[in-house]
$ cat structure_8.csv   # CSV, N, CA, C and O atoms
chain,number,residue,atom,x,y,z
J,202,MET,N,89.9,107.2,79.9
J,202,MET,CA,90.9,108.1,79.4
J,202,MET,C,91.6,108.8,80.6
J,202,MET,O,91.0,109.2,81.5
J,203,CYS,N,92.9,108.8,80.5
J,203,CYS,CA,93.7,109.4,81.6
J,203,CYS,C,93.7,110.9,81.4
J,203,CYS,O,93.9,111.4,80.3
J,204,GLY,N,93.6,111.7,82.5
J,204,GLY,CA,93.7,113.1,82.5
J,204,GLY,C,95.1,113.5,82.6
J,204,GLY,O,95.9,112.8,83.2
J,205,ARG,N,95.5,114.6,82.1
J,205,ARG,CA,96.9,115.2,82.2
J,205,ARG,C,96.8,116.5,82.8
J,205,ARG,O,95.9,117.3,82.5
J,206,TYR,N,97.6,116.8,83.8
J,206,TYR,CA,97.6,118.0,84.5
J,206,TYR,C,99.0,118.6,84.5
J,206,TYR,O,100.0,117.9,84.6
J,207,SER,N,99.1,119.9,84.4
J,207,SER,CA,100.4,120.6,84.4
J,207,SER,C,100.9,120.7,85.9
J,207,SER,O,102.1,120.9,86.1
J,208,ASP,N,100.0,120.6,86.9
J,208,ASP,CA,100.4,120.7,88.3
J,208,ASP,C,99.8,119.5,89.0
J,208,ASP,O,98.7,119.0,88.6
J,209,TRP,N,100.4,119.1,90.1
J,209,TRP,CA,99.8,118.1,91.0
J,209,TRP,C,99.9,118.5,92.4
J,209,TRP,O,101.0,118.9,92.8
J,210,PRO,N,98.9,118.5,93.2
J,210,PRO,CA,97.5,118.2,92.7
J,210,PRO,C,97.0,119.3,91.8
J,210,PRO,O,97.4,120.4,91.8
J,211,PRO,N,96.0,118.9,91.0
J,211,PRO,CA,95.4,119.9,90.0
J,211,PRO,C,94.9,121.1,90.8
J,211,PRO,O,94.4,121.0,91.9
J,212,LYS,N,95.0,122.3,90.2
J,212,LYS,CA,94.5,123.5,90.9
J,212,LYS,C,93.1,123.4,91.3
J,212,LYS,O,92.7,124.0,92.3
J,213,GLU,N,92.2,122.7,90.5
J,213,GLU,CA,90.8,122.7,90.9
J,213,GLU,C,90.5,121.6,91.9
J,213,GLU,O,89.3,121.5,92.3
J,214,ALA,N,91.5,120.8,92.4
J,214,ALA,CA,91.2,119.8,93.4
J,214,ALA,C,90.9,120.4,94.7
J,214,ALA,O,91.4,121.5,95.1
J,215,GLU,N,89.9,119.8,95.4
J,215,GLU,CA,89.5,120.3,96.7
J,215,GLU,C,89.8,119.2,97.8
J,215,GLU,O,89.5,118.1,97.5
J,216,PRO,N,90.4,119.5,98.9
J,216,PRO,CA,90.7,118.5,99.9
J,216,PRO,C,89.3,118.0,100.5
J,216,PRO,O,88.4,118.8,100.7
J,217,LYS,N,89.3,116.7,100.7
J,217,LYS,CA,88.1,116.1,101.3
J,217,LYS,C,88.6,115.1,102.4
J,217,LYS,O,89.7,114.5,102.2
J,218,THR,N,87.8,114.9,103.4
J,218,THR,CA,88.1,113.9,104.4
J,218,THR,C,87.4,112.6,104.1
J,218,THR,O,86.2,112.6,103.8
J,219,LEU,N,88.1,111.5,104.2
J,219,LEU,CA,87.6,110.2,104.1
J,219,LEU,C,87.5,109.5,105.4
J,219,LEU,O,88.3,109.7,106.3
J,220,TYR,N,86.4,108.8,105.7
J,220,TYR,CA,86.1,108.1,106.9
J,220,TYR,C,86.1,106.6,106.7
J,220,TYR,O,85.4,106.2,105.7
J,221,PHE,N,86.7,105.9,107.6
J,221,PHE,CA,86.6,104.4,107.5
J,221,PHE,C,85.2,104.0,107.9
J,221,PHE,O,84.5,104.6,108.7
J,222,ARG,N,84.8,102.9,107.2
J,222,ARG,CA,83.5,102.3,107.5
J,222,ARG,C,83.7,100.8,107.8
J,222,ARG,O,84.7,100.2,107.5
J,223,ALA,N,82.7,100.2,108.5
J,223,ALA,CA,82.8,98.8,108.8
J,223,ALA,C,82.9,98.0,107.6
J,223,ALA,O,82.4,98.4,106.5
J,224,GLY,N,83.6,96.9,107.7
J,224,GLY,CA,83.8,96.0,106.5
J,224,GLY,C,84.8,96.5,105.5
J,224,GLY,O,84.8,96.1,104.4
J,225,GLY,N,85.6,97.5,105.9
J,225,GLY,CA,86.7,98.0,105.0
J,225,GLY,C,86.2,99.0,104.0
J,225,GLY,O,86.9,99.4,103.1
J,226,GLY,N,85.1,99.6,104.3
J,226,GLY,CA,84.5,100.7,103.4
J,226,GLY,C,85.1,102.1,103.7
J,226,GLY,O,85.7,102.3,104.8
J,227,LEU,N,84.9,103.0,102.8
J,227,LEU,CA,85.2,104.4,103.0
J,227,LEU,C,84.0,105.2,102.7
J,227,LEU,O,83.2,104.9,101.9
J,228,SER,N,83.9,106.4,103.3
J,228,SER,CA,82.8,107.3,103.0
J,228,SER,C,83.3,108.8,103.2
J,228,SER,O,84.2,109.0,104.0
J,229,PHE,N,82.7,109.7,102.4
J,229,PHE,CA,83.0,111.1,102.6
J,229,PHE,C,82.1,111.7,103.7
J,229,PHE,O,82.3,112.8,104.2
J,230,ASP,N,81.1,110.9,104.2
J,230,ASP,CA,80.2,111.4,105.2
J,230,ASP,C,80.7,110.9,106.6
J,230,ASP,O,81.1,109.8,106.8
J,231,PRO,N,80.8,111.8,107.6
J,231,PRO,CA,81.2,111.5,108.9
J,231,PRO,C,80.3,110.4,109.5
J,231,PRO,O,79.2,110.3,109.2
J,232,PRO,N,80.9,109.6,110.4
J,232,PRO,CA,80.1,108.5,111.0
J,232,PRO,C,78.9,109.1,111.8
J,232,PRO,O,79.1,110.2,112.4
J,233,SER,N,77.8,108.4,111.9
J,233,SER,CA,76.7,108.9,112.7
J,233,SER,C,77.0,108.5,114.2
J,233,SER,O,77.9,107.7,114.5
J,234,GLY,N,76.2,109.0,115.1
J,234,GLY,CA,76.4,108.7,116.5
J,234,GLY,C,76.3,107.2,116.9
J,234,GLY,O,76.9,106.8,117.9
J,235,ASP,N,75.6,106.4,116.1
J,235,ASP,CA,75.5,105.0,116.5
J,235,ASP,C,76.5,104.1,115.8
J,235,ASP,O,76.6,102.9,116.1
J,236,ALA,N,77.3,104.7,115.0
J,236,ALA,CA,78.4,103.9,114.3
J,236,ALA,C,79.6,103.7,115.3
J,236,ALA,O,79.9,104.6,116.0
J,237,PRO,N,80.2,102.6,115.3
J,237,PRO,CA,81.4,102.4,116.1
J,237,PRO,C,82.5,103.4,115.8
J,237,PRO,O,82.7,103.7,114.6
J,238,ALA,N,83.2,103.9,116.7
J,238,ALA,CA,84.2,104.9,116.5
J,238,ALA,C,85.6,104.3,116.3
J,238,ALA,O,86.6,105.0,116.1
J,239,PHE,N,85.6,102.9,116.2
J,239,PHE,CA,86.9,102.3,116.0
J,239,PHE,C,86.7,100.9,115.4
J,239,PHE,O,85.6,100.4,115.4
J,240,ASP,N,87.8,100.4,114.9
J,240,ASP,CA,87.8,99.0,114.5
J,240,ASP,C,89.0,98.4,115.2
J,240,ASP,O,89.9,99.1,115.6
J,241,GLU,N,89.0,97.1,115.3
J,241,GLU,CA,90.1,96.5,116.0
J,241,GLU,C,90.5,95.1,115.4
J,241,GLU,O,89.7,94.5,114.7
J,242,TYR,N,91.7,94.7,115.6
J,242,TYR,CA,92.2,93.5,115.1
J,242,TYR,C,93.4,93.1,116.0
J,242,TYR,O,94.0,93.9,116.7
J,243,ILE,N,93.7,91.8,116.0
J,243,ILE,CA,94.9,91.4,116.8
J,243,ILE,C,96.0,91.1,115.8
J,243,ILE,O,95.8,90.3,114.8
J,244,SER,N,97.1,91.8,115.9
J,244,SER,CA,98.3,91.6,115.0
J,244,SER,C,99.2,90.6,115.6
J,244,SER,O,99.6,90.6,116.8
J,245,ASP,N,99.7,89.7,114.8
J,245,ASP,CA,100.7,88.7,115.2
J,245,ASP,C,101.9,89.0,114.4
J,245,ASP,O,102.3,88.2,113.5
J,246,LEU,N,102.6,90.1,114.6
J,246,LEU,CA,103.7,90.6,113.8
J,246,LEU,C,104.8,89.6,113.5
J,246,LEU,O,105.3,89.5,112.4
J,247,PRO,N,105.2,88.8,114.6
J,247,PRO,CA,106.3,87.9,114.3
J,247,PRO,C,105.9,86.8,113.3
J,247,PRO,O,106.8,86.2,112.7
J,248,ASN,N,104.6,86.6,113.0
J,248,ASN,CA,104.2,85.6,112.1
J,248,ASN,C,103.6,86.1,110.8
J,248,ASN,O,103.1,85.4,110.0
J,249,VAL,N,103.7,87.4,110.5
J,249,VAL,CA,103.3,88.0,109.3
J,249,VAL,C,104.4,87.8,108.2
J,249,VAL,O,105.5,88.2,108.5
J,250,PRO,N,104.1,87.1,107.1
J,250,PRO,CA,105.1,86.8,106.2
J,250,PRO,C,105.6,88.0,105.4
J,250,PRO,O,104.8,89.0,105.2
J,251,PHE,N,106.8,88.0,105.0
J,251,PHE,CA,107.4,89.1,104.1
J,251,PHE,C,107.3,88.8,102.7
J,251,PHE,O,107.1,89.6,101.8
J,252,VAL,N,107.4,87.5,102.3
J,252,VAL,CA,107.3,87.0,101.0
J,252,VAL,C,106.3,85.9,100.9
J,252,VAL,O,106.0,85.3,101.9
J,253,ASN,N,105.8,85.5,99.7
J,253,ASN,CA,104.8,84.5,99.6
J,253,ASN,C,105.4,83.1,99.4
J,253,ASN,O,104.8,82.3,98.8
J,254,TYR,N,106.5,82.9,99.9
J,254,TYR,CA,107.1,81.5,99.9
J,254,TYR,C,107.8,81.3,101.3
J,254,TYR,O,108.1,82.3,102.0
J,255,VAL,N,108.1,80.1,101.6
J,255,VAL,CA,108.7,79.8,102.9
J,255,VAL,C,110.1,80.2,102.9
J,255,VAL,O,110.9,79.9,102.0
J,256,SER,N,110.5,81.0,104.0
J,256,SER,CA,111.9,81.4,104.1
J,256,SER,C,112.3,81.4,105.6
J,256,SER,O,111.4,81.8,106.4
J,257,THR,N,113.5,81.0,105.9
J,257,THR,CA,113.9,81.0,107.3
J,257,THR,C,114.6,82.3,107.7
J,257,THR,O,114.9,82.5,108.9
J,258,THR,N,114.8,83.2,106.7
J,258,THR,CA,115.4,84.5,107.0
J,258,THR,C,114.5,85.6,106.4
J,258,THR,O,113.5,85.3,105.7
J,259,VAL,N,114.8,86.8,106.6
J,259,VAL,CA,114.1,87.9,105.9
J,259,VAL,C,114.8,88.3,104.6
J,259,VAL,O,115.9,89.0,104.7
J,260,PRO,N,114.4,87.8,103.5
J,260,PRO,CA,115.1,88.1,102.2
J,260,PRO,C,115.0,89.6,101.9
J,260,PRO,O,113.9,90.2,102.1
J,261,GLN,N,116.1,90.2,101.5
J,261,GLN,CA,116.1,91.7,101.2
J,261,GLN,C,115.1,92.0,100.0
J,261,GLN,O,114.6,93.1,99.9
J,262,GLU,N,114.8,91.0,99.2
J,262,GLU,CA,113.9,91.3,98.1
J,262,GLU,C,112.5,91.7,98.5
J,262,GLU,O,111.7,92.2,97.8
J,263,TYR,N,112.2,91.4,99.8
J,263,TYR,CA,110.8,91.7,100.3
J,263,TYR,C,110.4,93.1,100.2
J,263,TYR,O,109.3,93.5,100.0
J,264,MET,N,111.4,94.0,100.2
J,264,MET,CA,111.2,95.4,100.1
J,264,MET,C,110.7,95.8,98.7
J,264,MET,O,110.0,96.8,98.5
J,265,LEU,N,110.9,94.9,97.7
J,265,LEU,CA,110.5,95.2,96.3
J,265,LEU,C,109.3,94.3,95.9
J,265,LEU,O,108.8,94.4,94.9
J,266,SER,N,109.1,93.3,96.7
J,266,SER,CA,108.1,92.2,96.4
J,266,SER,C,106.6,92.7,96.5
J,266,SER,O,106.4,93.6,97.4
J,267,ASP,N,105.8,92.2,95.7
J,267,ASP,CA,104.3,92.4,95.8
J,267,ASP,C,103.9,91.7,97.1
J,267,ASP,O,103.9,90.5,97.2
J,268,GLN,N,103.4,92.4,98.1
J,268,GLN,CA,103.0,91.8,99.3
J,268,GLN,C,101.5,91.8,99.5
J,268,GLN,O,101.0,91.6,100.6
J,269,ARG,N,100.7,92.0,98.4
J,269,ARG,CA,99.3,92.0,98.6
J,269,ARG,C,98.7,90.6,99.1
J,269,ARG,O,97.6,90.6,99.7
J,270,PHE,N,99.5,89.6,99.0
J,270,PHE,CA,99.0,88.3,99.5
J,270,PHE,C,98.8,88.3,101.0
J,270,PHE,O,97.9,87.6,101.5
J,271,ALA,N,99.5,89.2,101.7
J,271,ALA,CA,99.3,89.3,103.1
J,271,ALA,C,98.0,89.9,103.5
J,271,ALA,O,97.5,89.7,104.6
J,272,GLY,N,97.3,90.6,102.6
J,272,GLY,CA,96.1,91.3,102.9
J,272,GLY,C,94.9,90.3,103.2
J,272,GLY,O,93.9,90.7,103.7
J,273,SER,N,95.1,89.0,102.8
J,273,SER,CA,94.0,88.1,103.0
J,273,SER,C,94.1,87.5,104.5
J,273,SER,O,93.2,86.8,104.9
J,274,ARG,N,95.1,87.8,105.2
J,274,ARG,CA,95.2,87.4,106.6
J,274,ARG,C,94.4,88.2,107.5
J,274,ARG,O,94.1,89.4,107.3
J,275,THR,N,93.9,87.5,108.6
J,275,THR,CA,93.0,88.3,109.5
J,275,THR,C,93.8,89.1,110.5
J,275,THR,O,93.2,90.0,111.2
J,276,ASP,N,95.1,89.0,110.5
J,276,ASP,CA,96.0,89.8,111.4
J,276,ASP,C,96.7,90.9,110.7
J,276,ASP,O,97.7,91.5,111.2
J,277,VAL,N,96.3,91.2,109.5
J,277,VAL,CA,96.9,92.3,108.7
J,277,VAL,C,95.8,93.3,108.3
J,277,VAL,O,94.8,92.9,107.7
J,278,LEU,N,96.0,94.5,108.6
J,278,LEU,CA,95.1,95.6,108.2
J,278,LEU,C,95.5,96.2,106.9
J,278,LEU,O,96.6,96.6,106.7
J,279,VAL,N,94.5,96.2,106.0
J,279,VAL,CA,94.8,96.8,104.7
J,279,VAL,C,93.8,97.9,104.4
J,279,VAL,O,92.7,97.9,104.9
$ encode --input "structure_8.csv" --output "structure tokens"
Amino acid sequence: MCGRYSDWPPKEAEPKTLYFRAGGGLSFDPPSGDAPAFDEYISDLPNVPFVNYVSTTVPQEYMLSDQRFAGSRTDVLV
């Protein structure tokens, strides 16, 4: 069931900090001293597709297109 609120964010909401975890996870607990303090990847921006079909130009529709397909690439951080 969806909640309805007269204000956003709701008055009873409390700010919380989220921390990245290995493997794409999130946690409300800060990392321990033995956890890596960073994650890394190599981005190949000129070769990241804008749309999920072959195109020799950057079609303007990419700004409205669903780009979730790019999340399966190893050079795209999601």
$ closest_residue --input "structure_8.csv" --among "J:Pro210, J:Pro216, J:Asp276, J:Gly204" --to "Ile243 (chain J)" --atoms "all atoms listed in the file"
J:Asp276
$ atom_distance --input "structure_8.csv" --atom1 "atom C of Ala214 (chain J)" --atom2 "atom N of Ser233 (chain J)"
24.7 Å
$ atom_distance --input "structure_8.csv" --atom1 "CA of Glu241 (chain J)" --atom2 "CA of Ala271 (chain J)"
17.4 Å
$ residues_around --input "structure_8.csv" --residues "Tyr220 (chain J)" --least-positions-apart "4" --cutoff "10 Å" --atoms "only C-alpha atoms" --output "ChimeraX atom specification"
/J:226-232
$ select_by_dssp --input "structure_8.csv" --residues "region 207-272 of chain J" --states "strand (DSSP E or B)" --output "ChimeraX atom specification"
/J:220-222,226-228
$ atom_distance --input "structure_8.csv" --atom1 "atom C of Val255 (chain J)" --atom2 "atom C of Val279 (chain J)"
24.1 Å
